[in-house]
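With mmCIF, C-alpha atoms and all ligand atoms inside, this is model_18.cif:
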data_protein
loop_
_atom_site.group_PDB
_atom_site.id
_atom_site.type_symbol
_atom_site.label_atom_id
_atom_site.label_comp_id
_atom_site.auth_asym_id
_atom_site.auth_seq_id
_atom_site.Cartn_x
_atom_site.Cartn_y
_atom_site.Cartn_z
ATOM 1 C CA MET A 1 -134.650 -22.345 -91.498
ATOM 2 C CA VAL A 2 -133.313 -25.768 -90.572
ATOM 3 C CA LEU A 3 -131.626 -25.517 -87.172
ATOM 4 C CA LEU A 4 -130.753 -29.133 -86.497
ATOM 5 C CA GLU A 5 -130.302 -31.910 -89.004
ATOM 6 C CA THR A 6 -129.051 -35.463 -89.327
ATOM 7 C CA LYS A 7 -127.943 -36.954 -92.630
ATOM 8 C CA ASN A 8 -127.775 -40.706 -93.257
ATOM 9 C CA LEU A 9 -127.272 -41.269 -89.548
ATOM 10 C CA TYR A 10 -126.580 -44.801 -88.310
ATOM 11 C CA SER A 11 -126.066 -45.036 -84.560
ATOM 12 C CA GLY A 12 -126.457 -47.168 -81.459
ATOM 13 C CA TYR A 13 -124.481 -48.153 -78.389
ATOM 14 C CA GLY A 14 -121.055 -49.662 -78.979
ATOM 15 C CA LYS A 15 -121.593 -52.322 -81.618
ATOM 16 C CA LEU A 16 -125.360 -52.394 -81.091
ATOM 17 C CA LYS A 17 -127.202 -50.891 -84.055
ATOM 18 C CA VAL A 18 -130.327 -48.931 -83.155
ATOM 19 C CA LEU A 19 -130.906 -46.234 -85.789
ATOM 20 C CA PHE A 20 -130.723 -46.777 -89.526
ATOM 21 C CA ASP A 21 -130.284 -44.087 -92.158
ATOM 22 C CA ILE A 22 -131.984 -41.283 -90.261
ATOM 23 C CA ASN A 23 -132.525 -38.074 -92.226
ATOM 24 C CA PHE A 24 -134.111 -35.744 -89.759
ATOM 25 C CA GLN A 25 -134.668 -31.990 -89.554
ATOM 26 C CA ALA A 26 -135.836 -29.609 -86.835
ATOM 27 C CA ARG A 27 -136.696 -26.112 -88.042
ATOM 28 C CA GLU A 28 -136.320 -22.875 -86.189
ATOM 29 C CA GLY A 29 -139.403 -21.727 -84.283
ATOM 30 C CA GLU A 30 -141.207 -25.035 -84.709
ATOM 31 C CA ILE A 31 -142.203 -27.906 -82.480
ATOM 32 C CA THR A 32 -140.868 -31.083 -84.050
ATOM 33 C CA VAL A 33 -142.388 -34.240 -82.625
ATOM 34 C CA VAL A 34 -140.887 -37.707 -82.827
ATOM 35 C CA VAL A 35 -143.254 -40.543 -81.963
ATOM 36 C CA GLY A 36 -142.963 -44.298 -82.041
ATOM 37 C CA PRO A 37 -143.435 -47.395 -79.933
ATOM 38 C CA ASN A 38 -141.235 -48.447 -76.997
ATOM 39 C CA GLY A 39 -137.724 -49.274 -78.051
ATOM 40 C CA ALA A 40 -138.097 -47.637 -81.490
ATOM 41 C CA GLY A 41 -134.992 -45.520 -80.914
ATOM 42 C CA LYS A 42 -136.503 -42.151 -80.000
ATOM 43 C CA THR A 43 -134.246 -41.539 -77.017
ATOM 44 C CA THR A 44 -131.333 -42.850 -79.050
ATOM 45 C CA LEU A 45 -132.004 -40.157 -81.648
ATOM 46 C CA LEU A 46 -131.678 -37.471 -78.976
ATOM 47 C CA ASN A 47 -128.623 -39.237 -77.532
ATOM 48 C CA SER A 48 -127.057 -39.327 -80.995
ATOM 49 C CA ILE A 49 -127.716 -35.639 -81.580
ATOM 50 C CA MET A 50 -126.221 -34.800 -78.190
ATOM 51 C CA GLY A 51 -123.218 -37.080 -78.719
ATOM 52 C CA ILE A 52 -124.025 -39.622 -76.016
ATOM 53 C CA ALA A 53 -124.797 -42.579 -78.312
ATOM 54 C CA THR A 54 -122.271 -44.162 -80.687
ATOM 55 C CA ILE A 55 -122.427 -42.755 -84.201
ATOM 56 C CA HIS A 56 -121.513 -45.441 -86.711
ATOM 57 C CA SER A 57 -121.845 -43.291 -89.809
ATOM 58 C CA GLY A 58 -123.589 -40.204 -91.064
ATOM 59 C CA ASN A 59 -123.617 -36.707 -89.660
ATOM 60 C CA VAL A 60 -125.313 -34.292 -87.311
ATOM 61 C CA TYR A 61 -125.510 -30.608 -88.242
ATOM 62 C CA PHE A 62 -126.414 -27.688 -86.032
ATOM 63 C CA GLU A 63 -126.843 -24.255 -87.602
ATOM 64 C CA GLY A 64 -125.259 -25.701 -90.726
ATOM 65 C CA GLN A 65 -122.107 -26.761 -88.901
ATOM 66 C CA ASP A 66 -121.032 -30.405 -88.691
ATOM 67 C CA VAL A 67 -121.184 -31.209 -84.963
ATOM 68 C CA THR A 68 -121.080 -35.003 -85.252
ATOM 69 C CA ARG A 69 -117.888 -35.367 -83.232
ATOM 70 C CA ILE A 70 -118.387 -32.483 -80.844
ATOM 71 C CA PRO A 71 -118.708 -33.597 -77.186
ATOM 72 C CA PRO A 72 -121.985 -33.087 -75.287
ATOM 73 C CA TYR A 73 -120.798 -30.279 -73.012
ATOM 74 C CA LYS A 74 -119.712 -28.212 -76.009
ATOM 75 C CA LYS A 75 -123.030 -28.824 -77.729
ATOM 76 C CA ALA A 76 -124.755 -27.582 -74.595
ATOM 77 C CA ARG A 77 -122.698 -24.408 -74.838
ATOM 78 C CA MET A 78 -123.608 -24.029 -78.499
ATOM 79 C CA GLY A 79 -127.269 -23.892 -77.507
ATOM 80 C CA ILE A 80 -128.592 -27.443 -77.491
ATOM 81 C CA ALA A 81 -130.471 -28.193 -74.261
ATOM 82 C CA TYR A 82 -131.371 -31.801 -73.531
ATOM 83 C CA LEU A 83 -133.869 -32.814 -70.901
ATOM 84 C CA PRO A 84 -133.459 -36.578 -70.546
ATOM 85 C CA GLN A 85 -136.331 -39.004 -70.068
ATOM 86 C CA LEU A 86 -135.815 -39.247 -66.328
ATOM 87 C CA GLY A 87 -134.574 -35.694 -66.091
ATOM 88 C CA ASN A 88 -134.691 -34.666 -62.499
ATOM 89 C CA VAL A 89 -134.630 -31.798 -60.081
ATOM 90 C CA ALA A 90 -132.896 -31.583 -56.706
ATOM 91 C CA ALA A 91 -135.724 -32.551 -54.339
ATOM 92 C CA GLY A 92 -134.223 -30.967 -51.233
ATOM 93 C CA LEU A 93 -133.739 -27.558 -52.844
ATOM 94 C CA SER A 94 -136.357 -24.920 -53.536
ATOM 95 C CA VAL A 95 -137.684 -24.085 -57.002
ATOM 96 C CA GLU A 96 -135.595 -20.921 -57.020
ATOM 97 C CA GLU A 97 -132.430 -22.726 -55.905
ATOM 98 C CA ASN A 98 -132.883 -25.335 -58.607
ATOM 99 C CA LEU A 99 -133.107 -22.604 -61.248
ATOM 100 C CA LYS A 100 -129.978 -20.920 -59.896
ATOM 101 C CA ILE A 101 -128.059 -24.167 -60.026
ATOM 102 C CA ALA A 102 -129.122 -24.693 -63.621
ATOM 103 C CA GLY A 103 -127.423 -21.384 -64.423
ATOM 104 C CA TYR A 104 -124.096 -22.430 -62.978
ATOM 105 C CA LEU A 105 -122.237 -22.043 -66.262
ATOM 106 C CA MET A 106 -123.639 -18.576 -66.898
ATOM 107 C CA PRO A 107 -121.901 -15.375 -65.874
ATOM 108 C CA LYS A 108 -122.858 -15.051 -62.177
ATOM 109 C CA ASP A 109 -124.368 -11.580 -62.458
ATOM 110 C CA GLU A 110 -126.802 -12.707 -65.167
ATOM 111 C CA VAL A 111 -128.318 -15.517 -63.091
ATOM 112 C CA PRO A 112 -130.800 -13.584 -60.878
ATOM 113 C CA GLU A 113 -132.256 -11.749 -63.869
ATOM 114 C CA ARG A 114 -132.626 -14.954 -65.845
ATOM 115 C CA VAL A 115 -134.319 -16.641 -62.867
ATOM 116 C CA GLU A 116 -136.887 -13.807 -62.878
ATOM 117 C CA GLU A 117 -137.418 -14.225 -66.624
ATOM 118 C CA ILE A 118 -138.054 -17.933 -66.196
ATOM 119 C CA LEU A 119 -140.484 -17.207 -63.343
ATOM 120 C CA ASP A 120 -142.243 -14.759 -65.675
ATOM 121 C CA MET A 121 -142.591 -17.512 -68.250
ATOM 122 C CA PHE A 122 -144.031 -19.894 -65.651
ATOM 123 C CA PRO A 123 -146.263 -17.943 -63.247
ATOM 124 C CA LYS A 124 -147.028 -21.248 -61.543
ATOM 125 C CA LEU A 125 -143.359 -21.633 -60.645
ATOM 126 C CA ARG A 126 -143.277 -18.084 -59.320
ATOM 127 C CA GLU A 127 -145.997 -19.021 -56.835
ATOM 128 C CA LEU A 128 -143.928 -22.024 -55.836
ATOM 129 C CA ARG A 129 -140.493 -20.395 -55.816
ATOM 130 C CA LYS A 130 -139.749 -21.127 -52.144
ATOM 131 C CA ARG A 131 -141.193 -24.629 -52.170
ATOM 132 C CA LYS A 132 -138.878 -27.644 -52.016
ATOM 133 C CA ALA A 133 -138.867 -29.283 -55.426
ATOM 134 C CA GLY A 134 -139.527 -32.646 -53.789
ATOM 135 C CA THR A 135 -143.000 -31.468 -52.769
ATOM 136 C CA LEU A 136 -144.103 -30.436 -56.287
ATOM 137 C CA SER A 137 -146.641 -32.407 -58.286
ATOM 138 C CA GLY A 138 -145.398 -34.399 -61.251
ATOM 139 C CA GLY A 139 -146.479 -31.692 -63.722
ATOM 140 C CA GLU A 140 -144.987 -28.869 -61.670
ATOM 141 C CA ARG A 141 -141.749 -30.761 -61.365
ATOM 142 C CA ARG A 142 -141.551 -31.174 -65.132
ATOM 143 C CA MET A 143 -142.230 -27.493 -65.598
ATOM 144 C CA LEU A 144 -139.359 -26.768 -63.248
ATOM 145 C CA ALA A 145 -137.131 -29.123 -65.227
ATOM 146 C CA ILE A 146 -138.082 -27.259 -68.432
ATOM 147 C CA GLY A 147 -137.405 -23.941 -66.703
ATOM 148 C CA MET A 148 -133.984 -25.209 -65.662
ATOM 149 C CA ALA A 149 -133.178 -26.283 -69.214
ATOM 150 C CA LEU A 150 -134.154 -22.800 -70.428
ATOM 151 C CA MET A 151 -131.876 -20.951 -68.002
ATOM 152 C CA ARG A 152 -129.077 -20.716 -70.547
ATOM 153 C CA LYS A 153 -131.346 -19.568 -73.388
ATOM 154 C CA PRO A 154 -130.860 -22.621 -75.600
ATOM 155 C CA LYS A 155 -131.462 -22.362 -79.333
ATOM 156 C CA ILE A 156 -133.175 -25.726 -79.246
ATOM 157 C CA LEU A 157 -134.833 -27.525 -76.362
ATOM 158 C CA MET A 158 -134.931 -31.315 -76.639
ATOM 159 C CA LEU A 159 -137.557 -32.944 -74.411
ATOM 160 C CA ASP A 160 -137.780 -36.691 -73.866
ATOM 161 C CA GLU A 161 -141.159 -38.049 -72.707
ATOM 162 C CA MET A 162 -142.212 -34.990 -70.757
ATOM 163 C CA THR A 163 -145.763 -36.246 -70.285
ATOM 164 C CA THR A 164 -145.246 -39.929 -69.512
ATOM 165 C CA ASP A 165 -146.880 -41.088 -66.258
ATOM 166 C CA LEU A 166 -148.702 -37.799 -65.739
ATOM 167 C CA ALA A 167 -152.425 -37.484 -65.026
ATOM 168 C CA PRO A 168 -154.332 -36.208 -68.104
ATOM 169 C CA ILE A 169 -154.782 -32.717 -66.635
ATOM 170 C CA LEU A 170 -151.051 -32.413 -66.034
ATOM 171 C CA VAL A 171 -150.289 -33.714 -69.514
ATOM 172 C CA LYS A 172 -152.366 -30.835 -70.824
ATOM 173 C CA GLN A 173 -150.562 -28.362 -68.567
ATOM 174 C CA VAL A 174 -147.122 -29.460 -69.710
ATOM 175 C CA LEU A 175 -148.098 -29.461 -73.389
ATOM 176 C CA ASN A 176 -149.677 -26.015 -73.061
ATOM 177 C CA THR A 177 -146.374 -24.841 -71.632
ATOM 178 C CA VAL A 178 -144.560 -26.204 -74.660
ATOM 179 C CA VAL A 179 -146.957 -24.399 -77.021
ATOM 180 C CA GLU A 180 -146.499 -21.140 -75.102
ATOM 181 C CA LEU A 181 -142.745 -21.439 -75.348
ATOM 182 C CA ARG A 182 -143.040 -21.665 -79.114
ATOM 183 C CA ASP A 183 -145.701 -19.002 -79.577
ATOM 184 C CA GLU A 184 -144.609 -16.424 -77.028
ATOM 185 C CA HIS A 185 -140.875 -17.003 -76.779
ATOM 186 C CA LYS A 186 -140.093 -18.336 -80.276
ATOM 187 C CA GLN A 187 -138.444 -21.330 -78.653
ATOM 188 C CA THR A 188 -137.508 -24.149 -81.027
ATOM 189 C CA ILE A 189 -138.491 -27.495 -79.535
ATOM 190 C CA LEU A 190 -137.787 -31.107 -80.368
ATOM 191 C CA MET A 191 -139.948 -33.469 -78.392
ATOM 192 C CA VAL A 192 -140.050 -37.200 -78.207
ATOM 193 C CA GLU A 193 -143.270 -38.823 -77.034
ATOM 194 C CA GLN A 194 -144.545 -42.332 -76.844
ATOM 195 C CA HIS A 195 -148.064 -40.956 -76.363
ATOM 196 C CA ALA A 196 -148.374 -39.832 -79.924
ATOM 197 C CA LYS A 197 -151.770 -38.228 -80.199
ATOM 198 C CA ARG A 198 -151.534 -35.178 -77.981
ATOM 199 C CA ALA A 199 -147.953 -34.475 -78.968
ATOM 200 C CA LEU A 200 -148.788 -34.550 -82.672
ATOM 201 C CA GLU A 201 -151.751 -32.258 -82.050
ATOM 202 C CA ILE A 202 -149.445 -29.477 -80.883
ATOM 203 C CA GLY A 203 -146.569 -30.276 -83.248
ATOM 204 C CA ASP A 204 -145.622 -28.624 -86.520
ATOM 205 C CA ARG A 205 -143.623 -31.420 -88.105
ATOM 206 C CA GLY A 206 -143.870 -35.035 -87.095
ATOM 207 C CA TYR A 207 -141.683 -38.079 -87.483
ATOM 208 C CA LEU A 208 -142.677 -41.658 -86.869
ATOM 209 C CA LEU A 209 -139.852 -43.928 -85.842
ATOM 210 C CA VAL A 210 -140.356 -47.696 -85.879
ATOM 211 C CA SER A 211 -137.575 -50.223 -85.272
ATOM 212 C CA GLY A 212 -134.896 -47.590 -85.762
ATOM 213 C CA GLU A 213 -136.183 -46.315 -89.102
ATOM 214 C CA ILE A 214 -138.216 -43.277 -90.091
ATOM 215 C CA ARG A 215 -141.547 -44.549 -91.386
ATOM 216 C CA TYR A 216 -143.232 -41.203 -91.842
ATOM 217 C CA GLU A 217 -142.193 -37.589 -91.945
ATOM 218 C CA GLY A 218 -144.245 -34.519 -92.631
ATOM 219 C CA ASN A 219 -146.935 -32.345 -91.176
ATOM 220 C CA ALA A 220 -147.659 -33.506 -87.608
ATOM 221 C CA LYS A 221 -151.440 -33.302 -87.944
ATOM 222 C CA GLU A 222 -151.378 -35.175 -91.238
ATOM 223 C CA LEU A 223 -149.535 -38.004 -89.549
ATOM 224 C CA LEU A 224 -152.154 -38.037 -86.825
ATOM 225 C CA GLU A 225 -154.961 -38.109 -89.399
ATOM 226 C CA HIS A 226 -153.302 -40.750 -91.533
ATOM 227 C CA PRO A 227 -156.020 -43.350 -92.182
ATOM 228 C CA GLN A 228 -153.673 -46.169 -91.292
ATOM 229 C CA PHE A 229 -151.922 -44.399 -88.430
ATOM 230 C CA ALA A 230 -152.373 -47.254 -85.959
ATOM 231 C CA LYS A 231 -150.900 -49.773 -88.366
ATOM 232 C CA LEU A 232 -148.067 -47.462 -89.335
ATOM 233 C CA TYR A 233 -147.344 -46.824 -85.683
ATOM 234 C CA LEU A 234 -147.124 -50.474 -84.865
ATOM 235 C CA GLY A 235 -144.956 -51.122 -87.891
ATOM 236 C CA ILE A 236 -147.481 -53.415 -89.544
ATOM 237 C CA ILE A 237 -147.406 -51.456 -92.791
ATOM 238 C CA ARG A 238 -144.940 -49.085 -94.371
HETATM 239 N N1 LIG B 301 -127.437 -47.166 -73.025
HETATM 240 C C1 LIG B 301 -127.823 -48.195 -73.789
HETATM 241 N N2 LIG B 301 -126.999 -49.241 -74.023
HETATM 242 C C2 LIG B 301 -127.395 -50.269 -74.812
HETATM 243 N N3 LIG B 301 -128.585 -50.344 -75.414
HETATM 244 C C3 LIG B 301 -129.445 -49.340 -75.222
HETATM 245 C C4 LIG B 301 -129.120 -48.204 -74.405
HETATM 246 N N4 LIG B 301 -130.179 -47.364 -74.398
HETATM 247 C C5 LIG B 301 -131.120 -47.955 -75.173
HETATM 248 N N5 LIG B 301 -130.685 -49.134 -75.674
HETATM 249 C C6 LIG B 301 -131.437 -50.012 -76.606
HETATM 250 O O1 LIG B 301 -131.660 -49.291 -77.798
HETATM 251 C C7 LIG B 301 -132.972 -49.570 -78.327
HETATM 252 C C8 LIG B 301 -133.719 -48.248 -78.515
HETATM 253 O O2 LIG B 301 -133.944 -47.681 -77.231
HETATM 254 P P1 LIG B 301 -134.485 -46.214 -77.027
HETATM 255 O O3 LIG B 301 -134.284 -45.899 -75.599
HETATM 256 O O4 LIG B 301 -133.872 -45.304 -78.017
HETATM 257 O O5 LIG B 301 -136.032 -46.408 -77.375
HETATM 258 P P2 LIG B 301 -137.246 -45.376 -77.193
HETATM 259 O O6 LIG B 301 -137.891 -45.259 -78.532
HETATM 260 O O7 LIG B 301 -136.787 -44.153 -76.546
HETATM 261 O O8 LIG B 301 -138.216 -46.210 -76.234
HETATM 262 P P3 LIG B 301 -139.172 -45.697 -75.019
HETATM 263 O O9 LIG B 301 -140.456 -45.258 -75.656
HETATM 264 O O10 LIG B 301 -139.377 -46.958 -74.231
HETATM 265 O O11 LIG B 301 -138.456 -44.649 -74.269
HETATM 266 C C9 LIG B 301 -133.627 -50.514 -77.346
HETATM 267 O O12 LIG B 301 -133.490 -51.810 -77.861
HETATM 268 C C10 LIG B 301 -132.795 -50.352 -76.083
HETATM 269 O O13 LIG B 301 -132.783 -51.549 -75.323
HETATM 270 MG MG MG B 302 -137.146 -43.277 -74.745
#
Let me see the structure of the file written as structure tokens.
Amino acid sequence: MVLLETKNLYSGYGKLKVLFDINFQAREGEITVVVGPNGAGKTTLLNSIMGIATIHSGNVYFEGQDVTRIPPYKKARMGIAYLPQLGNVAAGLSVEENLKIAGYLMPKDEVPERVEEILDMFPKLRELRKRKAGTLSGGERRMLAIGMALMRKPKILMLDEMTTDLAPILVKQVLNTVVELRDEHKQTILMVEQHAKRALEIGDRGYLLVSGEIRYEGNAKELLEHPQFAKLYLGIIR
């Protein structure tokens, strides 16, 4: 089932045009991966879905409902969680406190139980629950950020560049976490990555965005194995 969709979406910032005629779908239970070079418009796609960018024309649908003009905080309540590119945690607070804060809009009595569920999902975070977030490694910190985004049981989790600037071993850790969320918790995920290869390896469907246009859509592994992937990626061929 298609959970999130854009139809003929043109968007940008104010008068600036960034995305052109984007027809995009994220299906329930899948990892959808959007790759593309710097400045291609990947973050703008997430911003447009969330309602942070300027939509010039076209529509965004969530669970079949037109949500194009719905403000970000309402979309969050509807079940769209967005972890921005520089998404951060409160360094001076412990892992557990950060998770509690992330549940601030939930009914108060449900928060402790949900914190335990998140710690069950991320045994590593359970070990670190009393540690100040500022002392976590880059990978651990991103796991905490994902855990925080999951506090309110979102229907879709949108991740922007979760692996950028991480050491290879941590990249693997974070991506394994994403796979586990899909396989063990049926979490629908939309992830944007500049480092295409590893993301496409774990993805179900893949999109390649170049200069604000979709240049490829389909099976993620097929995109990765495309004989002219490098040229496609750089926008040299269509
Ligand atoms: N808030 C903003 N206001 C104006 N222009 C912006 C804003 N954010 C991004 N842009 C511009 O929109 C274009 C697309 O940027 P975007 O951040 O979507 O690219 P990206 O694919 O996410 O790149 P990266 O891989 O570097 O994160 C760029 O030209 C960028 O300069
Ligand atoms: Mg970006």
* Asked: For ligand MG 302 (chain B), which residue among A:Ala199, A:Ala102, A:Val67, A:Leu45 is the nearest when counting only C-alpha atoms and all ligand atoms?
  ->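 For ligand MG 302 (chain B), the nearest of the candidates is A:Leu45.
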* Asked: How would you write, as a list in words, the residues chosen by the PyMOL selection byres (((chain A and resi 71-87) around 8) and not hetatm) on this structure?
  ->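 So the PyMOL selection byres (((chain A and resi 71-87) around 8) and not hetatm) ends up selecting Thr43, Leu46, Met50, Gly51, Ile52, Val67, Arg69, Ile70, Asn88, Val89, Ala145, Ile146, Ala149, Leu150, Arg152, Lys153, Pro154, Lys155, Ile156, Leu157, Met158, Leu159, Asp160, Glu161 and Met162 of chain A.
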* Exactly which residues make up the result of the PyMOL selection byres (((chain A and resi 128) around 10) and not hetatm) on this file, given as a ChimeraX atom specification? -> /A:94-96,119,123-127,129-133,135-136,140,144
* What residues have any atom no more than 7 Å from ligand LIG 301 (chain B) when counting all atoms listed in the file, and can you list them as a list in words? ->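 Answer in the requested format: Gly12, Tyr13, Leu16, Val18, Gly36, Pro37, Asn38, Gly39, Ala40, Gly41, Lys42, Thr43, Thr44, Leu45 and Gln194 of chain A.
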* To do: Give as a PyMOL selection string the residues that the PyMOL selection byres (((chain A and resi 220) around 8) and not hetatm) matches when applied to the coordinates above.
  => chain A and resi 33+200-201+203-207+218-219+221-224
* Interatomic distance (Å, one decimal) between atom CA of A:Ile118 and atom CA of A:Gln187 ->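 That distance, rounded to one decimal, is 12.9 Å.
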* Find the residue from A:Glu5, A:Met151, A:Ala26, A:Thr177 that sits nearest to A:Leu105; use only C-alpha atoms when measuring. =>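 The shortest atom-to-atom distance to A:Leu105 comes from A:Met151.
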* Asked: For A:Phe122, which residue among A:Ser11, A:Gln228, A:Asn23, A:Asn176 is the nearest when counting only C-alpha atoms?
  ->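 The closest residue to A:Phe122 is A:Asn176.
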* Asked: From the set A:Ile169, A:Leu9, A:Leu209, A:Leu232, which residue has the shortest atom-to-atom contact distance to ligand MG 302 (chain B), counting only C-alpha atoms and all ligand atoms?
  ->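 Comparing A:Ile169, A:Leu9, A:Leu209, A:Leu232 against ligand MG 302 (chain B), the winner is A:Leu209.
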* Å distance separating atom CA of A:Asn59 from atom CA of A:Val2, one decimal place ->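 Separating atom CA of A:Asn59 from atom CA of A:Val2 is a distance of 14.6 Å.
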* Asked: Pick the closest to ligand MG 302 (chain B) from A:His195, A:Gly14, A:Arg215, A:Glu28: which is it, counting only C-alpha atoms and all ligand atoms?
  ->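 Of A:His195, A:Gly14, A:Arg215, A:Glu28, the one nearest ligand MG 302 (chain B), counting only C-alpha atoms and all ligand atoms, is A:His195.
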* **Straight-line distance linking atom CA of A:Met143 with atom CA of A:Gln173, stated in Å to one decimal** => 8.9 Å
* Give the answer as one residue: which of A:Val111, A:Ile236, A:Val34, A:Ile55 has the shortest atom-to-atom distance to ligand MG 302 (chain B), using all atoms listed in the file? =>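 For ligand MG 302 (chain B), the nearest of the given residues is A:Val34.
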